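Student: My file is start-v1.txt. It has compact mmCIF, C-alpha atoms:
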# COMPACT_ATOMS: atom_id res chain seq x y z
CA MET A 1 -38.17 -76.10 15.47
CA GLN A 2 -37.74 -72.40 16.11
CA ARG A 3 -40.68 -70.13 15.48
CA LEU A 4 -41.16 -69.09 11.87
CA ASP A 5 -41.13 -65.47 10.79
CA PHE A 6 -43.09 -66.25 7.60
CA SER A 7 -44.71 -69.20 5.86
CA LEU A 8 -43.53 -68.03 2.45
CA ALA A 9 -40.91 -65.66 1.10
CA PHE A 10 -40.82 -64.30 -2.44
CA CYS A 11 -37.18 -63.52 -3.17
CA GLY A 12 -37.57 -61.32 -6.22
CA PHE A 13 -41.03 -60.17 -7.20
CA GLY A 14 -41.02 -59.68 -10.96
CA PRO A 15 -43.36 -61.28 -13.54
CA ALA A 16 -42.63 -64.87 -12.43
CA SER A 17 -43.16 -64.45 -8.68
CA SER A 18 -46.10 -62.06 -9.02
CA GLY A 19 -47.64 -64.48 -11.54
CA LEU A 20 -47.51 -67.18 -8.86
CA LEU A 21 -49.24 -64.90 -6.35
CA PHE A 22 -52.02 -64.25 -8.88
CA SER A 23 -52.26 -68.01 -9.46
CA LEU A 24 -52.49 -68.70 -5.71
CA VAL A 25 -55.39 -66.27 -5.44
CA LYS A 26 -57.21 -67.59 -8.53
CA ASN A 27 -56.85 -71.17 -7.28
CA GLY A 28 -58.18 -70.24 -3.84
CA GLU A 29 -54.95 -71.33 -2.12
CA ILE A 30 -53.71 -68.03 -0.72
CA ALA A 31 -54.93 -68.68 2.83
CA ASP A 32 -53.07 -72.00 2.91
CA VAL A 33 -49.69 -70.35 2.25
CA ALA A 34 -50.20 -67.24 4.38
CA ASP A 35 -50.66 -68.89 7.79
CA HIS A 36 -47.50 -67.28 9.23
CA GLY A 37 -47.45 -64.43 6.75
CA ILE A 38 -45.74 -63.70 3.44
CA MET A 39 -42.51 -61.79 2.91
CA VAL A 40 -41.79 -60.06 -0.41
CA VAL A 41 -38.19 -59.00 -1.08
CA GLU A 42 -37.63 -56.93 -4.23
CA ARG A 43 -34.46 -55.08 -5.24
CA SER A 44 -36.33 -52.30 -7.07
CA ARG A 45 -39.04 -49.89 -5.95
CA LEU A 46 -41.72 -51.43 -8.15
CA LEU A 47 -43.42 -54.79 -7.73
CA GLY A 48 -44.43 -57.17 -10.48
CA CYS A 49 -42.38 -56.00 -13.45
CA GLY A 50 -38.73 -56.89 -12.84
CA LYS A 51 -36.54 -55.40 -15.57
CA LEU A 52 -39.20 -55.34 -18.30
CA SER A 53 -39.41 -51.54 -18.27
CA GLU A 54 -35.73 -51.33 -19.25
CA TYR A 55 -36.21 -53.04 -22.62
CA ARG A 56 -36.97 -50.93 -25.69
CA ILE A 57 -38.59 -53.64 -27.80
CA PRO A 58 -42.09 -55.05 -28.46
CA SER A 59 -43.43 -57.86 -26.32
CA ASN A 60 -44.03 -61.30 -27.81
CA THR A 61 -47.33 -61.45 -25.88
CA LEU A 62 -50.61 -59.94 -27.05
CA ALA A 63 -52.29 -57.19 -25.06
CA ASP A 64 -55.32 -59.52 -24.71
CA VAL A 65 -53.21 -62.10 -22.88
CA ILE A 66 -51.81 -59.57 -20.41
CA LEU A 67 -55.34 -58.35 -19.61
CA GLU A 68 -56.58 -61.92 -19.23
CA CYS A 69 -53.89 -62.51 -16.59
CA VAL A 70 -54.40 -59.43 -14.43
CA CYS A 71 -58.15 -58.84 -14.85
CA ASP A 72 -59.37 -62.39 -14.25
CA ASN A 73 -62.85 -62.72 -12.71
CA LEU A 74 -61.41 -65.07 -10.07
CA LEU A 75 -59.39 -62.24 -8.53
CA PRO A 76 -60.72 -60.25 -5.54
CA GLU A 77 -63.54 -57.84 -6.26
CA GLY A 78 -61.22 -54.99 -5.39
CA MET A 79 -59.15 -55.77 -8.49
CA ALA A 80 -61.99 -54.28 -10.55
CA ARG A 81 -60.40 -50.97 -9.53
CA LEU A 82 -57.52 -51.83 -11.83
CA ARG A 83 -59.62 -51.11 -14.91
CA GLN A 84 -60.78 -47.84 -13.38
CA GLN A 85 -57.50 -46.58 -11.94
CA SER A 86 -54.72 -47.90 -14.18
CA PRO A 87 -54.28 -45.98 -17.46
CA THR A 88 -52.19 -48.88 -18.75
CA VAL A 89 -55.23 -51.17 -18.76
CA ALA A 90 -57.09 -48.71 -20.98
CA GLN A 91 -54.09 -48.55 -23.32
CA LEU A 92 -53.93 -52.33 -23.55
CA GLU A 93 -57.68 -52.52 -24.11
CA ALA A 94 -57.17 -50.31 -27.16
CA MET A 95 -54.39 -52.63 -28.42
CA LYS A 96 -56.25 -55.95 -28.39
CA GLY A 97 -54.87 -58.20 -31.09
CA LEU A 98 -51.52 -56.37 -31.00
CA ALA A 99 -48.26 -56.93 -29.16
CA PRO A 100 -47.52 -53.87 -26.97
CA ASP A 101 -44.06 -52.57 -26.12
CA LEU A 102 -42.48 -54.09 -23.04
CA ASP A 103 -42.46 -50.83 -21.10
CA LEU A 104 -46.27 -50.70 -21.33
CA VAL A 105 -46.51 -54.35 -20.27
CA SER A 106 -44.21 -53.52 -17.37
CA ASP A 107 -46.42 -50.65 -16.20
CA CYS A 108 -49.55 -52.81 -16.32
CA LEU A 109 -47.97 -55.73 -14.44
CA SER A 110 -46.65 -53.34 -11.81
CA ASP A 111 -50.03 -51.62 -11.34
CA ALA A 112 -51.73 -55.00 -11.00
CA ALA A 113 -49.18 -56.47 -8.57
CA GLU A 114 -49.23 -53.39 -6.35
CA MET A 115 -53.03 -53.48 -6.19
CA LEU A 116 -53.23 -57.21 -5.50
CA VAL A 117 -50.65 -57.00 -2.69
CA CYS A 118 -52.54 -54.04 -1.22
CA ASP A 119 -55.85 -55.93 -1.31
CA LEU A 120 -54.36 -59.10 0.20
CA SER A 121 -52.73 -57.07 2.97
CA GLN A 122 -56.21 -56.30 4.28
CA HIS A 123 -56.66 -59.98 5.18
CA HIS A 124 -53.14 -61.45 5.50
CA ARG A 125 -49.82 -60.36 6.98
CA ILE A 126 -47.66 -59.36 4.04
CA ALA A 127 -44.31 -57.66 4.62
CA VAL A 128 -42.98 -55.92 1.50
CA GLN A 129 -39.29 -55.03 1.51
CA ARG A 130 -38.46 -52.81 -1.45
CA GLU A 131 -34.92 -52.00 -2.57
CA HIS A 132 -33.62 -54.91 -0.49
CA LEU A 133 -31.06 -57.42 -1.77
CA VAL A 134 -31.20 -61.14 -1.06
CA GLU A 135 -27.60 -62.06 -0.26
CA THR A 136 -27.63 -65.53 1.28
CA LEU A 137 -30.08 -68.42 1.50
CA ILE A 138 -29.41 -71.05 4.16
CA VAL A 139 -31.06 -74.45 3.72
CA ARG A 140 -31.60 -75.79 7.22
CA ASP A 141 -31.73 -79.44 8.23
CA ASP A 142 -35.21 -79.04 9.73
CA GLY A 143 -36.67 -78.06 6.35
CA THR A 144 -36.79 -74.31 6.98
CA PHE A 145 -34.75 -71.55 5.37
CA ASP A 146 -32.88 -68.53 6.68
CA ILE A 147 -32.82 -65.59 4.28
CA GLU A 148 -30.15 -62.96 4.77
CA VAL A 149 -31.20 -59.64 3.25
CA ARG A 150 -29.36 -56.34 2.84
CA LYS A 151 -31.43 -53.24 3.57
CA PRO A 152 -31.12 -50.02 1.51
CA SER A 153 -29.10 -48.56 4.39
CA GLY A 154 -26.60 -51.39 4.02
CA SER A 155 -27.46 -53.11 7.29
CA PRO A 156 -28.35 -56.82 7.24
CA THR A 157 -31.49 -58.58 8.43
CA THR A 158 -32.49 -62.26 8.60
CA ALA A 159 -35.82 -64.07 8.42
CA ARG A 160 -36.74 -67.73 8.92
CA VAL A 161 -39.35 -69.09 6.52
CA ALA A 162 -40.95 -72.41 5.64
CA SER A 163 -40.87 -72.01 1.84
CA VAL A 164 -38.97 -69.82 -0.59
CA VAL A 165 -39.77 -68.72 -4.15
CA LEU A 166 -36.41 -67.74 -5.61
CA ASN A 167 -36.79 -65.71 -8.81
CA LEU A 168 -34.11 -63.01 -8.88
CA GLY A 169 -33.96 -62.71 -12.65
CA GLY A 170 -31.46 -63.97 -15.18
CA VAL A 171 -28.06 -63.07 -16.48
CA GLN A 172 -26.61 -63.90 -19.87
CA LYS A 173 -23.60 -66.14 -19.81
CA ALA A 174 -20.48 -64.32 -20.96
CA GLU A 175 -19.17 -65.90 -24.14
CA THR A 176 -15.40 -66.13 -24.58
CA ILE A 177 -13.18 -65.49 -27.56
CA GLY A 178 -12.40 -69.20 -27.57
CA SER A 179 -16.01 -70.44 -27.52
CA LEU A 180 -17.09 -68.06 -30.30
CA GLY A 181 -13.97 -68.83 -32.32
CA SER A 182 -14.86 -72.51 -32.11
CA LEU A 183 -18.44 -71.81 -33.21
CA PHE A 184 -17.41 -69.54 -36.09
CA GLN A 185 -14.50 -71.83 -37.05
CA CYS A 186 -11.94 -69.03 -37.09
CA ASP A 187 -9.50 -67.19 -34.87
CA LEU A 188 -10.88 -64.08 -33.23
CA PRO A 189 -8.59 -61.25 -32.13
CA ASP A 190 -8.26 -60.91 -28.37
CA THR A 191 -9.49 -57.33 -28.69
CA MET A 192 -12.77 -58.28 -30.38
CA PRO A 193 -15.65 -56.59 -28.47
CA ILE A 194 -18.21 -59.17 -27.34
CA MET A 195 -21.44 -58.01 -25.73
CA ALA A 196 -24.66 -59.69 -24.64
CA SER A 197 -27.98 -58.81 -26.25
CA ASP A 198 -29.53 -57.85 -22.92
CA SER A 199 -27.49 -54.67 -22.67
CA ILE A 200 -28.18 -53.75 -26.32
CA LEU A 201 -31.94 -54.09 -25.95
CA GLN A 202 -31.94 -51.65 -23.04
CA GLN A 203 -30.20 -48.87 -24.98
CA SER A 204 -31.88 -45.93 -26.68
CA ASP A 205 -30.98 -45.25 -30.31
CA ALA A 206 -28.60 -42.51 -29.15
CA GLY A 207 -27.10 -44.92 -26.65
CA LEU A 208 -26.51 -47.53 -29.36
CA VAL A 209 -24.77 -44.99 -31.56
CA ALA A 210 -22.57 -43.87 -28.68
CA ARG A 211 -21.69 -47.45 -27.81
CA PHE A 212 -20.98 -48.81 -31.30
CA ALA A 213 -19.53 -45.79 -33.10
CA PRO A 214 -16.07 -46.15 -31.50
CA LEU A 215 -16.05 -49.88 -32.37
CA ILE A 216 -17.03 -49.55 -36.00
CA GLY A 217 -14.43 -47.07 -37.31
CA LYS A 218 -13.39 -48.31 -40.72
CA LYS A 219 -15.09 -51.63 -40.09
CA ARG A 220 -18.60 -51.96 -41.42
CA THR A 221 -19.94 -55.29 -40.04
CA ILE A 222 -21.52 -56.47 -36.79
CA VAL A 223 -22.17 -60.16 -36.08
CA VAL A 224 -25.34 -61.10 -34.18
CA ALA A 225 -25.08 -64.68 -32.89
CA GLY A 226 -28.37 -66.51 -32.35
CA SER A 227 -31.84 -67.01 -33.84
CA SER A 228 -34.07 -66.18 -30.87
CA HIS A 229 -36.56 -63.39 -30.19
CA SER A 230 -33.66 -61.40 -28.72
CA ALA A 231 -31.46 -61.91 -31.79
CA PHE A 232 -33.95 -60.48 -34.26
CA SER A 233 -34.82 -57.68 -31.85
CA VAL A 234 -31.11 -56.77 -31.80
CA VAL A 235 -31.00 -56.87 -35.60
CA GLU A 236 -33.89 -54.43 -35.85
CA ARG A 237 -32.39 -52.09 -33.27
CA LEU A 238 -29.05 -52.04 -35.11
CA ALA A 239 -30.71 -51.61 -38.51
CA ARG A 240 -32.49 -48.51 -37.23
CA VAL A 241 -29.19 -46.76 -36.46
CA ALA A 242 -27.15 -48.27 -39.29
CA ASP A 243 -26.92 -45.03 -41.30
CA ARG A 244 -25.77 -43.08 -38.23
CA LEU A 245 -23.11 -45.69 -37.54
CA GLY A 246 -21.97 -46.14 -41.13
CA LEU A 247 -22.90 -49.81 -40.73
CA SER A 248 -23.24 -51.59 -44.06
CA ARG A 249 -23.69 -55.23 -43.02
CA ILE A 250 -25.13 -57.33 -40.21
CA ILE A 251 -24.37 -61.05 -40.16
CA ILE A 252 -26.81 -63.29 -38.29
CA ALA A 253 -24.79 -66.36 -37.29
CA HIS A 254 -27.30 -68.99 -36.18
CA ARG A 255 -26.78 -72.55 -34.99
CA THR A 256 -30.40 -73.49 -35.69
CA PRO A 257 -32.78 -71.86 -38.17
CA PRO A 258 -35.54 -69.73 -36.64
CA ARG A 259 -38.81 -71.42 -35.76
CA PHE A 260 -42.14 -69.67 -36.24
CA TYR A 261 -45.31 -69.83 -34.18
CA TYR A 262 -48.58 -70.88 -35.86
CA ARG A 263 -52.09 -71.41 -34.52
CA ASP A 264 -52.18 -74.87 -36.07
CA LEU A 265 -50.65 -77.10 -38.74
CA MET A 266 -52.94 -75.70 -41.43
CA GLU A 267 -51.58 -72.20 -40.90
CA ALA A 268 -48.00 -73.51 -41.06
CA GLU A 269 -48.75 -75.33 -44.31
CA ALA A 270 -50.40 -72.22 -45.76
CA ARG A 271 -47.18 -70.34 -45.03
CA GLY A 272 -45.17 -73.04 -46.76
CA ASP A 273 -43.29 -73.88 -43.57
CA VAL A 274 -42.27 -77.50 -43.16
CA VAL A 275 -42.79 -78.58 -39.55
CA ASP A 276 -42.86 -81.89 -37.71
CA ALA A 277 -46.46 -82.80 -36.89
CA VAL A 278 -45.34 -84.47 -33.66
CA GLU A 279 -42.17 -82.76 -32.46
CA ASP A 280 -43.23 -79.19 -33.26
CA VAL A 281 -46.86 -79.31 -32.11
CA CYS A 282 -48.10 -78.79 -28.55
CA PRO A 283 -50.37 -81.77 -27.75
CA LEU A 284 -52.56 -79.68 -25.43
CA SER A 285 -53.26 -76.67 -27.63
CA GLY A 286 -52.41 -77.83 -31.17
CA ARG A 287 -50.19 -74.74 -31.53
CA VAL A 288 -47.10 -75.12 -33.69
CA ASN A 289 -43.85 -74.06 -31.98
CA ARG A 290 -45.98 -72.72 -29.13
CA LEU A 291 -43.03 -72.02 -26.84
CA GLY A 292 -40.02 -71.65 -29.11
CA GLY A 293 -41.54 -70.00 -32.18
CA LEU A 294 -41.00 -66.40 -33.22
CA ARG A 295 -44.20 -64.37 -33.33
CA PHE A 296 -45.48 -60.89 -34.13
CA ARG A 297 -42.78 -58.31 -34.93
CA THR A 298 -39.75 -60.58 -34.50
CA ALA A 299 -41.34 -63.11 -36.87
CA GLU A 300 -41.79 -60.32 -39.44
CA VAL A 301 -38.16 -59.31 -39.03
CA ALA A 302 -36.90 -62.89 -39.42
CA ARG A 303 -38.99 -63.54 -42.54
CA ALA A 304 -37.82 -60.30 -44.14
CA VAL A 305 -34.19 -60.99 -43.37
CA PHE A 306 -34.22 -64.59 -44.59
CA GLY A 307 -36.31 -63.68 -47.63
CA THR A 308 -34.63 -60.50 -48.86
CA ASN A 309 -31.46 -59.90 -46.80
CA ARG A 310 -32.99 -56.54 -45.95
CA LEU A 311 -35.29 -55.06 -43.34
CA ASP A 312 -37.78 -52.40 -44.35
CA ALA A 313 -35.97 -49.44 -45.94
CA TYR A 314 -32.95 -49.52 -43.65
CA PRO A 315 -29.68 -49.08 -45.61
CA VAL A 316 -27.92 -52.17 -44.32
CA GLU A 317 -27.44 -55.64 -45.81
CA ILE A 318 -28.36 -58.49 -43.47
CA GLU A 319 -26.73 -61.84 -44.19
CA THR A 320 -27.70 -65.12 -42.57
CA ARG A 321 -25.07 -67.77 -41.85
CA HIS A 322 -25.76 -71.23 -40.50
CA VAL A 323 -22.76 -71.99 -38.28
CA ILE A 324 -21.93 -75.43 -36.93
CA ALA A 325 -19.14 -76.00 -34.42
CA GLY A 326 -16.48 -78.23 -35.94
CA CYS A 327 -17.59 -77.62 -39.54
CA SER A 328 -15.02 -75.66 -41.55
CA GLU A 329 -17.58 -74.96 -44.30
CA THR A 330 -19.39 -72.55 -41.97
CA SER A 331 -16.28 -70.52 -41.13
CA LEU A 332 -16.56 -66.73 -40.79
CA ALA A 333 -12.80 -66.30 -41.20
CA GLU A 334 -13.07 -64.20 -44.37
CA ASP A 335 -15.55 -61.84 -42.72
CA MET A 336 -13.71 -61.21 -39.45
CA PRO A 337 -11.35 -58.45 -40.66
CA ASP A 338 -14.41 -56.25 -41.25
CA VAL A 339 -16.23 -57.13 -38.00
CA GLY A 340 -16.34 -54.37 -35.39
CA ALA A 341 -18.26 -56.26 -32.66
CA ILE A 342 -20.15 -59.46 -31.85
CA VAL A 343 -23.50 -59.50 -30.05
CA THR A 344 -24.46 -62.83 -28.47
CA CYS A 345 -28.09 -63.92 -27.95
CA PHE A 346 -27.76 -67.35 -26.35
CA GLY A 347 -30.19 -67.29 -23.45
CA TYR A 348 -29.92 -66.77 -19.69
CA ARG A 349 -28.63 -68.33 -16.51
CA PRO A 350 -30.43 -67.76 -13.18
CA LEU A 351 -29.21 -64.98 -10.93
CA LEU A 352 -28.73 -66.67 -7.54
CA PRO A 353 -27.70 -65.56 -4.07
CA ILE A 354 -25.09 -67.45 -2.07
CA ILE A 355 -26.74 -70.73 -1.04
CA ARG A 356 -25.36 -72.62 1.98
CA ASP A 357 -26.36 -75.59 4.05
CA GLN A 358 -26.68 -75.36 7.83
CA THR A 359 -22.97 -76.06 8.36
CA GLY A 360 -22.00 -73.08 6.22
CA GLU A 361 -20.86 -75.13 3.22
CA ILE A 362 -21.71 -73.75 -0.22
CA LEU A 363 -24.61 -75.70 -1.70
CA GLN A 364 -24.39 -76.06 -5.46
CA LEU A 365 -27.65 -76.48 -7.36
CA ALA A 366 -27.81 -78.80 -10.36
CA GLU A 367 -27.78 -77.08 -13.74
CA ASP A 368 -27.57 -78.01 -17.38
CA ARG A 369 -26.90 -75.81 -20.41
CA HIS A 370 -30.45 -74.45 -20.29
CA GLY A 371 -30.51 -73.40 -16.63
CA LEU A 372 -31.36 -74.81 -13.21
CA THR A 373 -32.56 -78.40 -13.08
CA THR A 374 -35.90 -78.65 -11.30
CA ASP A 375 -38.61 -81.23 -10.82
CA ASP A 376 -42.13 -80.97 -12.25
CA PHE A 377 -43.13 -78.53 -9.49
CA GLY A 378 -40.24 -76.12 -10.01
CA ARG A 379 -38.16 -77.37 -7.07
CA PRO A 380 -34.38 -77.12 -7.70
CA MET A 381 -32.13 -80.08 -7.06
CA ARG A 382 -28.80 -80.55 -5.39
CA GLN A 383 -26.03 -81.83 -7.65
CA ASN A 384 -26.71 -85.36 -6.39
CA GLY A 385 -30.25 -85.10 -7.83
CA ARG A 386 -31.98 -84.69 -4.46
CA VAL A 387 -34.87 -82.21 -4.58
CA ILE A 388 -34.85 -79.36 -2.04
CA ARG A 389 -38.36 -79.36 -0.59
CA GLY A 390 -39.81 -75.92 0.07
CA LEU A 391 -37.60 -74.15 -2.47
CA PHE A 392 -38.98 -73.12 -5.88
CA SER A 393 -37.39 -71.37 -8.85
CA PHE A 394 -39.10 -70.99 -12.22
CA GLY A 395 -38.23 -67.57 -13.64
CA LEU A 396 -35.69 -66.52 -16.24
CA GLY A 397 -32.85 -69.05 -16.50
CA SER A 398 -34.57 -71.70 -14.39
CA GLY A 399 -37.83 -73.54 -14.12
CA MET A 400 -39.70 -76.45 -15.54
CA ARG A 401 -39.50 -78.30 -18.81
CA ILE A 402 -42.49 -79.10 -20.97
CA GLY A 403 -44.85 -81.74 -19.61
CA SER A 404 -48.22 -83.38 -20.08
CA GLU A 405 -49.99 -80.90 -17.77
CA VAL A 406 -48.19 -77.75 -18.91
CA GLY A 407 -47.90 -78.53 -22.61
CA GLY A 408 -45.43 -77.30 -25.20
CA GLU A 409 -43.88 -78.78 -28.31
CA PRO A 410 -41.52 -81.77 -27.68
CA SER A 411 -38.78 -80.10 -29.77
CA TYR A 412 -38.58 -77.27 -27.20
CA LYS A 413 -35.71 -78.13 -24.85
CA ARG A 414 -35.33 -74.89 -22.88
CA ARG A 415 -37.15 -73.83 -19.71
CA LEU A 416 -40.78 -72.71 -19.61
CA ASP A 417 -40.93 -68.93 -19.55
CA GLY A 418 -43.73 -66.45 -20.17
CA ILE A 419 -46.25 -64.22 -18.41
CA TRP A 420 -49.29 -66.34 -19.31
CA LEU A 421 -47.54 -69.50 -18.15
CA TYR A 422 -46.60 -67.94 -14.80
CA HIS A 423 -50.24 -67.00 -14.20
CA ASN A 424 -51.65 -70.32 -15.38
CA HIS A 425 -50.01 -73.69 -16.01
CA VAL A 426 -46.65 -73.01 -14.34
CA GLY A 427 -48.34 -71.14 -11.50
CA SER A 428 -50.73 -74.03 -10.90
CA LYS A 429 -47.93 -76.61 -10.83
CA VAL A 430 -45.81 -74.57 -8.44
CA THR A 431 -48.88 -73.95 -6.27
CA ALA A 432 -49.43 -77.71 -6.00
CA GLY A 433 -45.82 -78.27 -4.95
CA LEU A 434 -45.90 -75.35 -2.54
CA ILE A 435 -49.05 -76.59 -0.78
CA GLU A 436 -47.65 -80.12 -0.61
CA ASP A 437 -44.40 -78.95 0.99
CA LEU A 438 -46.10 -76.64 3.48
CA ARG A 439 -48.39 -79.47 4.58
CA HIS A 440 -45.37 -81.76 4.87
CA PHE A 441 -43.67 -79.09 6.99
CA ASP A 442 -46.74 -78.63 9.22
CA LEU A 443 -46.93 -82.40 9.79
CA ALA A 444 -43.24 -82.56 10.74
CA GLU A 445 -43.70 -79.60 13.11
CA ARG A 446 -46.70 -81.22 14.80
CA GLN A 447 -44.84 -84.49 15.20
CA GLU A 448 -41.92 -82.68 16.83
CA LEU A 449 -44.22 -80.83 19.20
CA GLU A 450 -45.92 -84.10 20.16
CA LEU A 451 -42.51 -85.71 20.74
CA CYS A 452 -41.43 -82.81 22.95
CA ALA A 453 -44.70 -82.97 24.91
CA SER A 454 -44.29 -86.67 25.58
I'd like the structure from this file rewritten - as structure tokens, please.
Tutor:
Amino acid sequence: MQRLDFSLAFCGFGPASSGLLFSLVKNGEIADVADHGIMVVERSRLLGCGKLSEYRIPSNTLADVILECVCDNLLPEGMARLRQQSPTVAQLEAMKGLAPDLDLVSDCLSDAAEMLVCDLSQHHRIAVQREHLVETLIVRDDGTFDIEVRKPSGSPTTARVASVVLNLGGVQKAETIGSLGSLFQCDLPDTMPIMASDSILQQSDAGLVARFAPLIGKKRTIVVAGSSHSAFSVVERLARVADRLGLSRIIIAHRTPPRFYYRDLMEAEARGDVVDAVEDVCPLSGRVNRLGGLRFRTAEVARAVFGTNRLDAYPVEIETRHVIAGCSETSLAEDMPDVGAIVTCFGYRPLLPIIRDQTGEILQLAEDRHGLTTDDFGRPMRQNGRVIRGLFSFGLGSGMRIGSEVGGEPSYKRRLDGIWLYHNHVGSKVTAGLIEDLRHFDLAERQELELCAS
């Protein structure tokens, strides 16, 4: 084996990857993964926050939970400086019991990640490459990886590493006229504007008006497709500018009714919500719809919309339509002449670099409709089902499913995603897999050295 440049490379260092680093430190495993050093490759200037600062919506995580993650007593003593030096921590302290806006969460995660990396750099070799792009990942036959990175200047560089954490963010799958027409059971004009929720949630109010005003014209309806946190966030953002747009109606076209988060079954019953005591309850925590349920502001929006067809005092009617592909009774055909645009809120796919094997052939990772297929430790698989040891992906659009150690309600079929999970259950599982693979690699390296010596 050729000499390694690093034991571990973080390709992308947003909330998922930084959450794993925090987990490694809390579990006392950081020294085991930093033997040959750690490389951090991040496309932005800031560490730890990814694109969170770009969203203009509330978080679905309480301020208390964010503070619990970044101010844990198991972190280095130097992290106590975070409370003293980061104004975002003081702001979150004042918001306990509330869900802060994502830009504030972003600032806090970034402050914490920067400080942790700085502290760890005093004891371990950590190379941070900001504003660098991961272009190609080569999976070598000897179990190592070559990472091809593009510098800000445009010049390339390559590093050989033993393990890779690949969390470059997610991208929403572009829906087609045909797929939406099939869902809505009607023909859509080829000129119908279709946009993903991600771009809408990053716009200011003025930006939304500028974007939608030319599309509305004499039409007075926008269709929002989905029933997720993103969907109801989009509804609220559009309702806020409805009078400036001349928008009179929003149609929420949902394939499944919204689910709501509750502390336990008693709270769900008190709300009059009918839930499945087995399928909708996390066996570890007793929480109802722990992973897939709407909470805080988006739950308020959903309840208002489904209860009154209105939201606060905004002058726009909000209709809910349960659409089922192949069912003519759910057709939106009569509504389409008045629809100026469709906003889709159907989840994310992982953003991946080019992945090749050692011969240069493109290596396709296994995926299903919810994202990358991984094992219980977050290791992606080849399309033949073979796990790629040393490679981990568990951020937006990829990652693990629910399990006995991680928890979650059985009815939740998507990937595990969330700041608390990255710092705790998901982080611990990935840490276990990472340590196992690095030890496996060290054993193989020793055996090769012994063979060469003999």
Student: Grab the atom CA of Ala99 of chain A to atom CA of His423 of chain A distance for me, in Å with one decimal place.
Tutor: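 Here the two named atoms are 18.1 Å from each other.
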Student: Using only the atoms of segment 129-143 of chain A listed in the file, plus 8 Å on each side, state the axis-aligned box centre and edge lengths in Å rounded to one decimal, as AutoDock Vina command-line options.
Tutor:
--center_x -33.4 --center_y -65.7 --center_z 3.6 --size_x 27.7 --size_y 43.4 --size_z 28.3
Student: Residues within 8 Å of segment 303-313 of chain A, please, as a list of chain:residue names. Count all atoms listed in the file; anything in the same chain fewer than 5 positions from it doesn't count.
Tutor: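 The residues that qualify are A:Glu236, A:Ala239, A:Ile318, A:Glu319, A:Thr320.
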Student: In the coordinates of the file, take the point (-40.8, -76.2, -9.9) and a cut-off of 12 Å; then, counting all atoms listed in the file, name each qualifying protein, DNA or RNA residue as a PyMOL selection string.
Tutor: chain A and resi 16+20+164-167+372-381+387-395+398-403+406+415-416+422+425-434+437
Student: Take the residues from that selection and write them out as a JSON list (two decimals), keeping the file's coordinate frame, keeping C-alpha atoms.
Tutor:
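The resulting file, part_16.json, is reproduced below:
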[["chain", "number", "residue", "atom", "x", "y", "z"],
["A", 16, "ALA", "CA", -42.63, -64.87, -12.43],
["A", 20, "LEU", "CA", -47.51, -67.18, -8.86],
["A", 164, "VAL", "CA", -38.97, -69.82, -0.59],
["A", 165, "VAL", "CA", -39.77, -68.72, -4.15],
["A", 166, "LEU", "CA", -36.41, -67.74, -5.61],
["A", 167, "ASN", "CA", -36.79, -65.71, -8.81],
["A", 372, "LEU", "CA", -31.36, -74.81, -13.21],
["A", 373, "THR", "CA", -32.56, -78.40, -13.08],
["A", 374, "THR", "CA", -35.90, -78.65, -11.30],
["A", 375, "ASP", "CA", -38.61, -81.23, -10.82],
["A", 376, "ASP", "CA", -42.13, -80.97, -12.25],
["A", 377, "PHE", "CA", -43.13, -78.53, -9.49],
["A", 378, "GLY", "CA", -40.24, -76.12, -10.01],
["A", 379, "ARG", "CA", -38.16, -77.37, -7.07],
["A", 380, "PRO", "CA", -34.38, -77.12, -7.70],
["A", 381, "MET", "CA", -32.13, -80.08, -7.06],
["A", 387, "VAL", "CA", -34.87, -82.21, -4.58],
["A", 388, "ILE", "CA", -34.85, -79.36, -2.04],
["A", 389, "ARG", "CA", -38.36, -79.36, -0.59],
["A", 390, "GLY", "CA", -39.81, -75.92, 0.07],
["A", 391, "LEU", "CA", -37.60, -74.15, -2.47],
["A", 392, "PHE", "CA", -38.98, -73.12, -5.88],
["A", 393, "SER", "CA", -37.39, -71.37, -8.85],
["A", 394, "PHE", "CA", -39.10, -70.99, -12.22],
["A", 395, "GLY", "CA", -38.23, -67.57, -13.64],
["A", 398, "SER", "CA", -34.57, -71.70, -14.39],
["A", 399, "GLY", "CA", -37.83, -73.54, -14.12],
["A", 400, "MET", "CA", -39.70, -76.45, -15.54],
["A", 401, "ARG", "CA", -39.50, -78.30, -18.81],
["A", 402, "ILE", "CA", -42.49, -79.10, -20.97],
["A", 403, "GLY", "CA", -44.85, -81.74, -19.61],
["A", 406, "VAL", "CA", -48.19, -77.75, -18.91],
["A", 415, "ARG", "CA", -37.15, -73.83, -19.71],
["A", 416, "LEU", "CA", -40.78, -72.71, -19.61],
["A", 422, "TYR", "CA", -46.60, -67.94, -14.80],
["A", 425, "HIS", "CA", -50.01, -73.69, -16.01],
["A", 426, "VAL", "CA", -46.65, -73.01, -14.34],
["A", 427, "GLY", "CA", -48.34, -71.14, -11.50],
["A", 428, "SER", "CA", -50.73, -74.03, -10.90],
["A", 429, "LYS", "CA", -47.93, -76.61, -10.83],
["A", 430, "VAL", "CA", -45.81, -74.57, -8.44],
["A", 431, "THR", "CA", -48.88, -73.95, -6.27],
["A", 432, "ALA", "CA", -49.43, -77.71, -6.00],
["A", 433, "GLY", "CA", -45.82, -78.27, -4.95],
["A", 434, "LEU", "CA", -45.90, -75.35, -2.54],
["A", 437, "ASP", "CA", -44.40, -78.95, 0.99]]
